[in-house]
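Content type compact mmCIF, C-alpha atoms, from the file protein04.txt:
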```txt
# COMPACT_ATOMS: atom_id res chain seq x y z
CA MET D 1 27.40 52.19 -27.44
CA LYS D 2 25.84 53.54 -30.59
CA VAL D 3 24.74 51.01 -33.19
CA LYS D 4 24.76 52.35 -36.72
CA ILE D 5 21.86 50.40 -38.16
CA GLY D 6 22.27 51.45 -41.81
CA GLU D 7 25.89 50.36 -41.84
CA LYS D 8 25.17 47.05 -40.19
CA VAL D 9 22.46 46.09 -42.68
CA LEU D 10 24.64 47.09 -45.63
CA SER D 11 27.65 45.17 -44.44
CA GLU D 12 25.51 42.08 -43.88
CA ASN D 13 24.35 42.44 -47.49
CA ASP D 14 27.95 42.95 -48.60
CA ARG D 15 29.04 39.81 -46.78
CA ILE D 16 26.46 37.70 -48.64
CA ALA D 17 27.23 39.47 -51.94
CA PHE D 18 30.91 38.61 -51.44
CA SER D 19 29.98 34.96 -50.96
CA ASN D 20 27.68 35.01 -54.02
CA ARG D 21 30.49 36.54 -56.08
CA ASN D 22 32.89 33.78 -55.00
CA ILE D 23 30.39 31.07 -55.91
CA PHE D 24 29.80 32.62 -59.35
CA LYS D 25 33.56 32.94 -59.85
CA GLU D 26 34.27 29.33 -58.87
CA ASN D 27 31.71 28.20 -61.41
CA GLY D 28 32.81 30.57 -64.15
CA VAL D 29 29.37 32.16 -64.32
CA TYR D 30 29.00 35.75 -65.54
CA VAL D 31 26.30 37.76 -63.75
CA ALA D 32 24.61 40.95 -64.92
CA ASN D 33 22.35 42.99 -62.61
CA ILE D 34 19.93 44.94 -64.80
CA ILE D 35 18.41 48.06 -63.27
CA SER D 36 15.96 50.66 -64.60
CA SER D 37 12.78 52.60 -63.96
CA PRO D 38 9.54 50.62 -64.18
CA GLY D 39 8.67 49.93 -67.81
CA ALA D 40 12.01 50.89 -69.39
CA GLY D 41 12.09 47.54 -71.20
CA LYS D 42 14.23 45.20 -69.07
CA THR D 43 12.14 42.10 -69.75
CA SER D 44 11.72 42.86 -73.46
CA ILE D 45 15.49 43.25 -73.79
CA LEU D 46 16.00 39.92 -72.01
CA GLU D 47 13.46 38.17 -74.26
CA LYS D 48 15.36 39.30 -77.34
CA ILE D 49 18.93 38.74 -76.13
CA LEU D 50 18.10 35.28 -74.75
CA GLN D 51 16.70 34.21 -78.12
CA ARG D 52 19.83 35.44 -79.88
CA MET D 53 22.18 33.64 -77.48
CA SER D 54 20.10 30.47 -77.41
CA GLY D 55 22.03 27.27 -78.23
CA ARG D 56 25.40 28.99 -77.80
CA TYR D 57 25.17 29.95 -74.14
CA SER D 58 23.20 28.61 -71.24
CA ALA D 59 21.38 31.35 -69.35
CA TYR D 60 19.34 31.62 -66.18
CA VAL D 61 17.14 34.59 -65.29
CA LEU D 62 16.24 35.82 -61.81
CA ILE D 63 13.55 38.49 -61.82
CA GLY D 64 12.60 40.79 -58.96
CA ASP D 65 9.19 42.40 -58.75
CA VAL D 66 7.09 43.85 -55.95
CA GLN D 67 4.20 41.72 -57.16
CA THR D 68 3.19 39.26 -59.95
CA GLU D 69 5.08 36.46 -61.69
CA ASN D 70 4.34 38.03 -65.09
CA ASP D 71 7.93 38.71 -66.11
CA ALA D 72 9.32 35.27 -65.23
CA ASN D 73 6.37 33.77 -67.10
CA ARG D 74 7.23 35.82 -70.18
CA ILE D 75 10.78 34.42 -70.12
CA LYS D 76 9.63 30.84 -69.43
CA LYS D 77 7.13 31.01 -72.30
CA LEU D 78 10.09 31.42 -74.66
CA GLY D 79 11.63 28.23 -73.27
CA PHE D 80 14.24 29.76 -70.99
CA GLU D 81 14.81 29.10 -67.33
CA ALA D 82 13.65 31.84 -65.01
CA LYS D 83 12.65 32.33 -61.41
CA GLN D 84 10.50 35.14 -60.08
CA ILE D 85 11.51 36.73 -56.78
CA ILE D 86 8.51 38.57 -55.35
CA THR D 87 9.72 41.14 -52.84
CA GLY D 88 6.32 41.87 -51.29
CA GLY D 89 6.70 45.55 -50.57
CA GLY D 90 10.47 45.49 -51.10
CA CYS D 91 11.90 48.12 -53.43
CA HIS D 92 15.05 46.23 -54.48
CA LEU D 93 16.67 42.80 -54.56
CA ASN D 94 19.31 42.05 -51.95
CA ALA D 95 22.19 39.57 -51.89
CA GLY D 96 20.32 37.18 -49.59
CA MET D 97 17.49 36.77 -52.10
CA ILE D 98 20.03 35.76 -54.74
CA SER D 99 21.95 33.50 -52.35
CA LYS D 100 18.74 31.63 -51.51
CA ARG D 101 18.19 30.78 -55.20
CA LEU D 102 21.81 29.84 -55.87
CA ALA D 103 21.44 26.59 -53.95
CA GLN D 104 18.75 25.50 -56.42
CA LEU D 105 20.86 26.10 -59.53
CA ASP D 106 23.26 23.78 -61.30
CA LEU D 107 25.81 26.54 -61.82
CA ASP D 108 28.20 24.20 -63.58
CA LYS D 109 25.83 24.15 -66.55
CA ILE D 110 25.16 27.90 -66.62
CA ASP D 111 27.19 30.52 -68.53
CA ILE D 112 25.27 33.61 -67.54
CA VAL D 113 22.80 34.70 -64.89
CA PHE D 114 20.73 37.73 -65.79
CA ILE D 115 19.26 39.40 -62.73
CA GLU D 116 16.38 41.74 -63.53
CA ASN D 117 16.03 43.99 -60.52
CA VAL D 118 12.84 45.66 -59.24
CA GLY D 119 11.88 48.63 -61.44
CA ASN D 120 13.43 51.46 -59.43
CA LEU D 121 16.30 53.85 -60.23
CA VAL D 122 17.16 54.57 -56.60
CA CYS D 123 17.25 51.70 -54.09
CA PRO D 124 18.71 48.83 -56.19
CA SER D 125 21.88 50.87 -56.76
CA ALA D 126 22.80 50.56 -53.07
CA TYR D 127 22.67 46.75 -52.91
CA ASP D 128 25.51 44.65 -54.26
CA LEU D 129 24.14 41.24 -55.29
CA GLY D 130 27.51 39.69 -56.14
CA GLU D 131 27.13 40.52 -59.84
CA ASP D 132 30.00 41.22 -62.24
CA ASP D 133 28.33 44.25 -63.79
CA LYS D 134 25.41 46.52 -63.24
CA ILE D 135 23.65 47.41 -66.49
CA VAL D 136 21.32 50.40 -66.43
CA VAL D 137 18.50 50.75 -68.95
CA LEU D 138 17.31 54.28 -69.76
CA SER D 139 14.32 54.51 -72.09
CA VAL D 140 13.98 57.67 -74.12
CA PRO D 141 10.41 58.53 -72.99
CA GLU D 142 11.85 59.06 -69.48
CA GLY D 143 13.79 62.14 -70.60
CA GLU D 144 17.50 62.84 -70.97
CA ASP D 145 18.04 64.21 -67.45
CA LYS D 146 17.77 60.91 -65.57
CA PRO D 147 21.53 60.24 -65.26
CA ILE D 148 22.05 63.47 -63.30
CA LYS D 149 18.84 63.09 -61.29
CA TYR D 150 19.62 59.50 -60.27
CA PRO D 151 23.44 59.59 -60.36
CA ALA D 152 24.19 56.61 -58.10
CA ILE D 153 23.05 53.90 -60.49
CA PHE D 154 24.46 55.61 -63.59
CA ASN D 155 27.76 56.02 -61.74
CA LYS D 156 27.94 52.34 -60.80
CA ALA D 157 26.80 50.86 -64.11
CA LYS D 158 29.32 49.44 -66.56
CA LEU D 159 26.91 49.80 -69.47
CA MET D 160 23.91 51.97 -70.28
CA LEU D 161 21.35 50.60 -72.70
CA LEU D 162 19.57 53.60 -74.22
CA ASN D 163 16.33 51.84 -75.08
CA LYS D 164 13.21 52.59 -77.18
CA ILE D 165 15.15 54.76 -79.61
CA ASP D 166 12.50 53.90 -82.22
CA LEU D 167 10.37 56.48 -80.36
CA LEU D 168 12.83 59.35 -80.94
CA PRO D 169 10.85 60.86 -83.84
CA TYR D 170 7.83 61.30 -81.56
CA LEU D 171 9.58 62.78 -78.53
CA GLN D 172 11.56 65.81 -77.52
CA PHE D 173 14.65 63.94 -76.41
CA SER D 174 18.27 64.85 -77.03
CA LYS D 175 20.29 61.65 -77.36
CA GLU D 176 23.48 63.69 -77.20
CA LYS D 177 22.45 65.32 -73.94
CA ALA D 178 21.45 62.00 -72.36
CA ILE D 179 24.85 60.52 -73.18
CA GLU D 180 26.63 63.71 -72.05
CA TYR D 181 24.80 63.50 -68.70
CA ALA D 182 25.68 59.82 -68.37
CA TYR D 183 29.37 60.55 -68.98
CA ALA D 184 29.19 63.43 -66.48
CA VAL D 185 28.46 60.97 -63.67
CA ASN D 186 30.50 58.08 -65.14
CA SER D 187 33.18 58.88 -67.68
CA GLY D 188 34.03 55.19 -68.19
CA MET D 189 30.48 54.15 -69.04
CA GLU D 190 29.73 52.31 -72.27
CA VAL D 191 26.53 53.16 -74.13
CA ILE D 192 24.52 51.10 -76.60
CA GLU D 193 21.50 52.61 -78.32
CA MET D 194 18.82 50.02 -78.83
CA SER D 195 15.22 49.23 -79.73
CA CYS D 196 13.28 46.04 -79.11
CA VAL D 197 10.96 47.04 -81.96
CA THR D 198 13.55 47.48 -84.73
CA GLY D 199 16.25 45.25 -83.18
CA GLU D 200 18.79 48.05 -83.41
CA GLY D 201 21.70 47.69 -81.01
CA PHE D 202 21.21 43.99 -80.27
CA ASP D 203 24.24 42.94 -82.34
CA LYS D 204 26.40 45.22 -80.22
CA PHE D 205 24.77 44.17 -76.96
CA GLN D 206 25.16 40.49 -77.80
CA LYS D 207 28.87 40.95 -78.59
CA TRP D 208 29.32 42.90 -75.37
CA ILE D 209 27.65 40.22 -73.25
CA GLU D 210 29.41 37.32 -74.97
CA GLN D 211 32.77 38.98 -74.40
CA ARG D 212 31.96 39.38 -70.73
CA ILE D 213 30.97 35.68 -70.51
CA LYS D 214 34.24 34.61 -72.14
CA GLY D 215 36.24 36.77 -69.75
CA LYS D 216 34.62 34.99 -66.84
CA ARG D 217 35.12 31.40 -68.00
CA ARG D 218 37.47 29.23 -65.96
CA MET M 1 12.45 43.46 -25.31
CA LYS M 2 12.21 43.40 -29.07
CA VAL M 3 12.17 46.76 -30.84
CA LYS M 4 10.37 46.72 -34.15
CA ILE M 5 12.42 49.25 -36.02
CA GLY M 6 10.26 49.47 -39.16
CA GLU M 7 7.17 50.23 -37.11
CA LYS M 8 8.89 52.84 -35.01
CA VAL M 9 10.21 54.76 -38.00
CA LEU M 10 6.84 54.66 -39.69
CA SER M 11 4.94 55.84 -36.66
CA GLU M 12 7.38 58.76 -36.22
CA ASN M 13 6.64 59.68 -39.86
CA ASP M 14 2.91 59.25 -39.22
CA ARG M 15 3.10 61.54 -36.20
CA ILE M 16 4.65 64.35 -38.27
CA ALA M 17 2.26 63.67 -41.17
CA PHE M 18 -0.65 64.02 -38.74
CA SER M 19 0.72 67.38 -37.61
CA ASN M 20 1.27 68.52 -41.23
CA ARG M 21 -2.30 67.52 -42.09
CA ASN M 22 -3.66 69.56 -39.18
CA ILE M 23 -1.67 72.62 -40.23
CA PHE M 24 -2.92 72.33 -43.82
CA LYS M 25 -6.48 71.88 -42.56
CA GLU M 26 -6.33 74.90 -40.25
CA ASN M 27 -5.19 76.99 -43.17
CA GLY M 28 -7.66 75.54 -45.67
CA VAL M 29 -4.85 74.39 -47.96
CA TYR M 30 -5.42 71.43 -50.28
CA VAL M 31 -2.36 69.19 -50.74
CA ALA M 32 -1.72 66.69 -53.53
CA ASN M 33 1.19 64.21 -53.35
CA ILE M 34 2.11 63.28 -56.93
CA ILE M 35 3.90 59.96 -57.39
CA SER M 36 5.20 58.15 -60.48
CA SER M 37 8.13 56.35 -62.09
CA PRO M 38 11.03 58.57 -63.17
CA GLY M 39 10.12 60.46 -66.33
CA ALA M 40 6.38 59.80 -66.35
CA GLY M 41 5.72 63.52 -66.72
CA LYS M 42 5.05 64.87 -63.22
CA THR M 43 6.84 68.19 -63.76
CA SER M 44 5.39 68.70 -67.25
CA ILE M 45 1.89 68.14 -65.87
CA LEU M 46 2.58 70.66 -63.09
CA GLU M 47 3.89 73.24 -65.57
CA LYS M 48 0.67 73.00 -67.56
CA ILE M 49 -1.84 72.86 -64.71
CA LEU M 50 -0.17 75.75 -62.86
CA GLN M 51 -0.45 77.95 -65.94
CA ARG M 52 -4.14 77.09 -66.29
CA MET M 53 -4.89 77.82 -62.63
CA SER M 54 -2.78 80.96 -62.54
CA GLY M 55 -4.59 84.07 -61.27
CA ARG M 56 -7.47 82.04 -59.88
CA TYR M 57 -5.62 80.00 -57.28
CA SER M 58 -2.42 80.49 -55.40
CA ALA M 59 -0.16 77.45 -55.61
CA TYR M 60 3.10 76.33 -54.06
CA VAL M 61 5.19 73.42 -55.33
CA LEU M 62 7.53 71.20 -53.29
CA ILE M 63 9.66 68.92 -55.45
CA GLY M 64 11.63 65.90 -54.28
CA ASP M 65 14.60 64.61 -56.23
CA VAL M 66 17.63 62.51 -55.40
CA GLN M 67 19.80 65.16 -57.07
CA THR M 68 19.55 68.45 -59.06
CA GLU M 69 17.31 71.49 -58.70
CA ASN M 70 16.22 71.17 -62.32
CA ASP M 71 12.54 70.54 -61.68
CA ALA M 72 12.04 73.39 -59.20
CA ASN M 73 13.87 75.67 -61.64
CA ARG M 74 11.47 74.65 -64.43
CA ILE M 75 8.52 75.66 -62.24
CA LYS M 76 10.14 78.90 -61.07
CA LYS M 77 10.97 79.89 -64.65
CA LEU M 78 7.24 79.99 -65.32
CA GLY M 79 6.81 82.45 -62.44
CA PHE M 80 5.45 80.06 -59.82
CA GLU M 81 6.75 79.45 -56.33
CA ALA M 82 8.63 76.22 -55.87
CA LYS M 83 11.16 74.68 -53.55
CA GLN M 84 13.44 71.77 -54.37
CA ILE M 85 13.98 69.13 -51.71
CA ILE M 86 17.14 67.18 -52.54
CA THR M 87 17.04 63.85 -50.74
CA GLY M 88 20.71 62.95 -51.33
CA GLY M 89 20.38 59.21 -51.73
CA GLY M 90 16.85 59.11 -50.35
CA CYS M 91 14.25 57.27 -52.43
CA HIS M 92 11.17 59.13 -51.19
CA LEU M 93 10.00 62.24 -49.39
CA ASN M 94 8.98 61.92 -45.74
CA ALA M 95 6.70 63.98 -43.54
CA GLY M 96 9.64 65.65 -41.77
CA MET M 97 10.97 67.08 -45.04
CA ILE M 98 7.57 68.68 -45.67
CA SER M 99 7.21 69.88 -42.09
CA LYS M 100 10.58 71.65 -42.30
CA ARG M 101 9.41 73.68 -45.33
CA LEU M 102 5.98 74.48 -43.86
CA ALA M 103 7.48 76.97 -41.43
CA GLN M 104 8.76 79.02 -44.37
CA LEU M 105 5.39 79.26 -46.11
CA ASP M 106 2.65 81.82 -45.69
CA LEU M 107 -0.07 79.18 -45.80
CA ASP M 108 -2.80 81.75 -45.35
CA LYS M 109 -2.13 82.95 -48.89
CA ILE M 110 -1.89 79.50 -50.47
CA ASP M 111 -4.79 77.48 -51.89
CA ILE M 112 -2.91 74.40 -52.99
CA VAL M 113 0.42 72.74 -52.35
CA PHE M 114 1.55 70.33 -55.05
CA ILE M 115 4.16 67.90 -53.76
CA GLU M 116 6.09 66.18 -56.54
CA ASN M 117 7.63 63.11 -54.96
CA VAL M 118 10.90 61.38 -55.97
CA GLY M 119 10.43 59.37 -59.18
CA ASN M 120 9.78 55.93 -57.71
CA LEU M 121 6.70 53.70 -57.76
CA VAL M 122 7.61 51.76 -54.61
CA CYS M 123 8.96 53.67 -51.60
CA PRO M 124 6.93 56.93 -51.70
CA SER M 125 3.71 54.93 -51.33
CA ALA M 126 4.68 53.96 -47.77
CA TYR M 127 5.19 57.51 -46.48
CA ASP M 128 2.23 59.69 -45.56
CA LEU M 129 3.23 63.35 -45.95
CA GLY M 130 0.01 64.81 -44.55
CA GLU M 131 -1.47 65.26 -48.02
CA ASP M 132 -5.17 65.14 -48.86
CA ASP M 133 -4.72 62.92 -51.90
CA LYS M 134 -2.08 60.84 -53.55
CA ILE M 135 -2.16 61.19 -57.34
CA VAL M 136 -0.34 58.54 -59.37
CA VAL M 137 0.89 59.25 -62.88
CA LEU M 138 1.26 56.28 -65.25
CA SER M 139 2.76 57.08 -68.64
CA VAL M 140 1.83 54.77 -71.49
CA PRO M 141 5.42 53.90 -72.52
CA GLU M 142 5.78 52.13 -69.14
CA GLY M 143 3.29 49.43 -70.12
CA GLU M 144 -0.19 48.59 -68.90
CA ASP M 145 0.89 46.12 -66.19
CA LYS M 146 2.30 48.64 -63.73
CA PRO M 147 -0.80 48.86 -61.47
CA ILE M 148 -0.60 45.13 -60.65
CA LYS M 149 3.20 45.10 -60.40
CA TYR M 150 3.30 48.11 -58.05
CA PRO M 151 -0.09 47.72 -56.35
CA ALA M 152 0.55 49.76 -53.18
CA ILE M 153 0.65 53.17 -54.80
CA PHE M 154 -2.19 52.44 -57.22
CA ASN M 155 -4.24 51.20 -54.28
CA LYS M 156 -3.65 54.35 -52.24
CA ALA M 157 -4.08 56.90 -55.02
CA LYS M 158 -7.33 58.81 -55.36
CA LEU M 159 -6.65 59.62 -59.01
CA MET M 160 -4.57 58.08 -61.80
CA LEU M 161 -3.36 60.36 -64.56
CA LEU M 162 -2.77 58.18 -67.62
CA ASN M 163 -0.19 60.38 -69.28
CA LYS M 164 1.49 60.61 -72.71
CA ILE M 165 -1.55 59.19 -74.50
CA ASP M 166 -0.39 61.05 -77.62
CA LEU M 167 2.15 58.20 -77.93
CA LEU M 168 -0.54 55.48 -78.16
CA PRO M 169 -0.28 55.14 -81.97
CA TYR M 170 3.41 54.24 -81.67
CA LEU M 171 3.18 51.73 -78.83
CA GLN M 172 1.66 48.39 -78.03
CA PHE M 173 -0.37 49.54 -75.07
CA SER M 174 -3.91 48.58 -74.15
CA LYS M 175 -5.57 51.53 -72.43
CA GLU M 176 -8.46 49.29 -71.45
CA LYS M 177 -6.16 46.79 -69.77
CA ALA M 178 -4.24 49.50 -67.89
CA ILE M 179 -7.49 50.86 -66.48
CA GLU M 180 -8.78 47.36 -65.73
CA TYR M 181 -5.57 46.62 -63.78
CA ALA M 182 -5.88 49.92 -61.92
CA TYR M 183 -9.48 49.11 -60.91
CA ALA M 184 -8.37 45.61 -59.87
CA VAL M 185 -6.19 47.10 -57.11
CA ASN M 186 -8.43 50.12 -56.42
CA SER M 187 -12.05 49.96 -57.50
CA GLY M 188 -12.72 53.52 -56.32
CA MET M 189 -9.93 55.08 -58.36
CA GLU M 190 -10.65 57.91 -60.77
CA VAL M 191 -8.80 57.98 -64.09
CA ILE M 192 -8.04 60.89 -66.41
CA GLU M 193 -6.32 60.27 -69.74
CA MET M 194 -3.98 63.08 -70.59
CA SER M 195 -1.20 64.43 -72.78
CA CYS M 196 1.08 67.41 -72.17
CA VAL M 197 1.67 67.56 -75.93
CA THR M 198 -1.96 67.82 -77.10
CA GLY M 199 -3.41 69.20 -73.84
CA GLU M 200 -5.98 66.41 -73.72
CA GLY M 201 -7.33 65.74 -70.25
CA PHE M 202 -6.26 69.04 -68.71
CA ASP M 203 -9.80 70.45 -68.63
CA LYS M 204 -10.87 67.44 -66.60
CA PHE M 205 -7.83 67.51 -64.36
CA GLN M 206 -8.26 71.22 -63.68
CA LYS M 207 -11.93 70.73 -62.73
CA TRP M 208 -10.94 67.82 -60.50
CA ILE M 209 -8.24 69.81 -58.69
CA GLU M 210 -10.37 72.95 -58.32
CA GLN M 211 -13.18 70.93 -56.81
CA ARG M 212 -10.76 69.44 -54.31
CA ILE M 213 -9.49 72.93 -53.41
CA LYS M 214 -13.04 74.19 -52.86
CA GLY M 215 -13.82 71.22 -50.64
CA LYS M 216 -10.87 72.12 -48.45
CA ARG M 217 -11.55 75.81 -48.00
CA ARG M 218 -12.47 77.02 -44.54
```

So that I can check it, write out the structure of this file as structure tokens.
Amino acid sequence: MKVKIGEKVLSENDRIAFSNRNIFKENGVYVANIISSPGAGKTSILEKILQRMSGRYSAYVLIGDVQTENDANRIKKLGFEAKQIITGGGCHLNAGMISKRLAQLDLDKIDIVFIENVGNLVCPSAYDLGEDDKIVVLSVPEGEDKPIKYPAIFNKAKLMLLNKIDLLPYLQFSKEKAIEYAYAVNSGMEVIEMSCVTGEGFDKFQKWIEQRIKGKRR
Amino acid sequence: MKVKIGEKVLSENDRIAFSNRNIFKENGVYVANIISSPGAGKTSILEKILQRMSGRYSAYVLIGDVQTENDANRIKKLGFEAKQIITGGGCHLNAGMISKRLAQLDLDKIDIVFIENVGNLVCPSAYDLGEDDKIVVLSVPEGEDKPIKYPAIFNKAKLMLLNKIDLLPYLQFSKEKAIEYAYAVNSGMEVIEMSCVTGEGFDKFQKWIEQRIKGKRR
């Protein structure tokens, strides 16, 4: 008998992700899994969007990193609830890591769980965590070709946040090409151009997220 | 009997890496394995350093990407020899992928093989390819905390290229802190600040590489 190890591990992850998804659904909690290269601005985006949604929606943040609790501490410093998941050498979060933290949460009081994945455009795309949507962040210094070089995550994402657009004047980056490449791997993708420096795009992103939360409510 | 799968896979990779290293040594070829986040500037750095070394040293470039032949085509367009290794979904190069291409090379005529790994700060650090040195590229838009958040690759790298320093005026980035963090995980690391826009740092990098080539010659 041949055992297909890759398949077995994935289906075990899928089984837990399925259970996570059911738990989130039962509690009317919307979950976004945010994925990007290292340093594309995931935590900065979270800092800003959490402050905007504060008082209107109750949020919880789970943050994956290979090492350090820096990012969870940044979120906590602003007064929001966050938990760091240190993967050790692990290159992505998996459904079991999320499941383990679910037991500690009072989901009845939470509207949205933001999951900030490990900074990596490859591996996190293969692991369902039980989220409603994957959101991919592409920062303009990375270059416009990333959607076609890392198609899996851009194909699976519901939304692309094109971040750091305040840097456009200083870079050779074609916004049009980046969006064209994103559509080439995912014609249904939504795109929001944004900047944590100027605040551009955060109105749109907030509306997008709040609509997703409302759609999930029981 | 318990089979430790992770160990077995790694030691198979190590066995091939050992063989690659011997072949490079026998032929007096210096090999650099260049690792970074997506879009940190690996290919742009290669384009520039290859042009500077042209006529004095014979180089060959192996480029790993999840998808597209774009990067190898960029190198070939400049008149240099390059081969794209498309990993499919794979998040890193492994020693077997290098070994497979070695048979096609006339190593006797090559001074240096540049291996550009898949854009990923996590997985490539765990796979020895048989290289002499790992070189990590950190671009300033990624933020100064990357060495402590992704310590494995910064610990294993001989040299850190701190790239895109022309963008420093437009970013909140402490060069001192980035270097301090790099030394914290690797006190013996060498650092060169560079920019593909201004050309800063390329004199130093060229000297560094040429010295490594000379040290490897039979």

Considering only C-alpha atoms, tabulate each residue of chain D that lies at most 10 Å from chain M along with its nearest interatomic pair and the corresponding distance in Å to one decimal; arrange the rows by chain and ascending residue number and present them as a tab-separated table.
```
residue	atom	partner	partner_atom	distance
D:Ile5	CA	M:Ile5	CA	9.7
D:Ser36	CA	M:Pro38	CA	9.4
D:Ser37	CA	M:Ser37	CA	6.3
D:Pro38	CA	M:Ser37	CA	6.3
D:Gly39	CA	M:Glu142	CA	3.9
D:Ala40	CA	M:Glu142	CA	6.4
D:Gly41	CA	M:Glu142	CA	8.1
D:Asp65	CA	M:Lys149	CA	6.8
D:Val66	CA	M:Lys149	CA	6.0
D:Gln67	CA	M:Lys149	CA	4.8
D:Thr68	CA	M:Lys149	CA	5.9
D:Glu69	CA	M:Lys149	CA	8.9
D:Asn70	CA	M:Lys149	CA	8.6
D:Asp71	CA	M:Lys149	CA	9.8
D:Ile86	CA	M:Lys149	CA	9.8
D:Gly88	CA	M:Tyr150	CA	9.7
D:Gly89	CA	M:Val122	CA	7.5
D:Gly90	CA	M:Val122	CA	7.7
D:Cys91	CA	M:Val122	CA	5.7
D:His92	CA	M:Val122	CA	9.3
D:Val118	CA	M:Val122	CA	9.3
D:Gly119	CA	M:Leu121	CA	8.1
D:Asn120	CA	M:Asn120	CA	6.0
D:Leu121	CA	M:Asn120	CA	7.3
D:Val122	CA	M:Cys91	CA	5.8
D:Cys123	CA	M:Cys91	CA	6.5
D:Ser125	CA	M:Gly89	CA	9.9
D:Ala126	CA	M:Gly89	CA	9.1
D:Ser139	CA	M:Pro141	CA	8.9
D:Val140	CA	M:Gly39	CA	9.1
D:Pro141	CA	M:Pro141	CA	6.8
D:Glu142	CA	M:Gly39	CA	3.9
D:Gly143	CA	M:Gly39	CA	5.9
D:Glu144	CA	M:Gly39	CA	9.0
D:Asp145	CA	M:Gly39	CA	8.8
D:Lys146	CA	M:Pro38	CA	7.5
D:Pro147	CA	M:Gln67	CA	9.7
D:Ile148	CA	M:Gln67	CA	6.8
D:Lys149	CA	M:Gln67	CA	4.8
D:Tyr150	CA	M:Val66	CA	6.1
D:Pro151	CA	M:Gln67	CA	7.4
D:Ala152	CA	M:Gly89	CA	7.9
D:Lys164	CA	M:Pro141	CA	9.2
D:Asp166	CA	M:Tyr170	CA	9.1
D:Leu167	CA	M:Tyr170	CA	7.4
D:Tyr170	CA	M:Leu167	CA	7.4
D:Leu171	CA	M:Leu167	CA	8.7
D:Val197	CA	M:Leu171	CA	9.6
```

Excluding same-chain residues fewer than 5 positions from D:Lys156, what lies within 9 Å of it counting all atoms listed in the file, as a ChimeraX atom specification?
-> /D:125,133-136,151,186,189

With C-alpha atoms retained, export the selected residues as a short mmCIF file (atom, residue, chain, number, x, y, z; two decimals), in the coordinates of the input.
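Heads up, here's the output in again23.cif:
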```cif
data_model
loop_
_atom_site.label_atom_id
_atom_site.label_comp_id
_atom_site.auth_asym_id
_atom_site.auth_seq_id
_atom_site.Cartn_x
_atom_site.Cartn_y
_atom_site.Cartn_z
CA SER D 125 21.88 50.87 -56.76
CA ASP D 133 28.33 44.25 -63.79
CA LYS D 134 25.41 46.52 -63.24
CA ILE D 135 23.65 47.41 -66.49
CA VAL D 136 21.32 50.40 -66.43
CA PRO D 151 23.44 59.59 -60.36
CA ASN D 186 30.50 58.08 -65.14
CA MET D 189 30.48 54.15 -69.04
#
```

Could you name the residues that touch M:Arg101 at 10 Å or less, counting all atoms listed in the file, but leaving out those on the same chain fewer than 5 positions away, as a VMD selection string?
-> chain M and resid 62 83 85 96

Limited to C-alpha atoms, could you put the picked residues into a file as a short mmCIF file (atom, residue, chain, number, x, y, z; two decimals), keeping the file's coordinate frame?
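Once everything was written out, this is out28.cif:
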```cif
data_model
loop_
_atom_site.label_atom_id
_atom_site.label_comp_id
_atom_site.auth_asym_id
_atom_site.auth_seq_id
_atom_site.Cartn_x
_atom_site.Cartn_y
_atom_site.Cartn_z
CA LEU M 62 7.53 71.20 -53.29
CA LYS M 83 11.16 74.68 -53.55
CA ILE M 85 13.98 69.13 -51.71
CA GLY M 96 9.64 65.65 -41.77
#
```

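If you look at atom CA of M:Phe24 and atom CA of M:Glu190, they are 23.6 Å away from each other.
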
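Distances here use only C-alpha atoms; by that measure, the residue among D:Gln84, D:Asn163, D:Ser44, D:Asn73 closest to D:Ser195 is D:Asn163.
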
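Taking atom CA of D:Leu102 and atom CA of D:Ile45 as endpoints, the distance between them is 23.3 Å.
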
Can you tell me, as number ranges by chain, what residues are no more than 12 Å from D:Asp106 when counting all atoms listed in the file, ignoring any on the same chain fewer than 6 positions away?
-> D: 23-24, 27, 29, 58-60, 81, 112-113

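Between atom CA of D:Gln172 and atom CA of D:Phe154 lies a distance of 21.6 Å.
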
Name the residues in contact with M:Leu50 at a cut-off of 9 Å, using all atoms listed in the file, excluding same-chain residues fewer than 3 positions from it; report them as number ranges by chain.
-> M: 45-47, 53-54, 57, 59, 75, 78, 80

Please enclose the listed atoms of stretch 183-191 of chain D in an axis-aligned box, pad each side by 5 Å, and write out the centre and the three edge lengths in Å, rounded to one decimal, as AutoDock Vina command-line options.
```
--center_x 30.3 --center_y 57.9 --center_z -68.9 --size_x 17.5 --size_y 21.1 --size_z 20.5
```

Which of these, M:Val191, M:Leu138, M:Met97, M:Leu168, has the shortest distance to M:Phe205 once you count only C-alpha atoms?
-> M:Val191

M:Glu193, M:Asp132, M:Glu180, M:Asp203: which is nearest M:Asn33, counting only C-alpha atoms?
-> M:Asp132

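Comparing the minimum interatomic distances between M:Lys175 and each of M:Ile153, M:Val31, M:Val137, M:Leu162, counting all atoms listed in the file, we find that M:Leu162 sits nearest.
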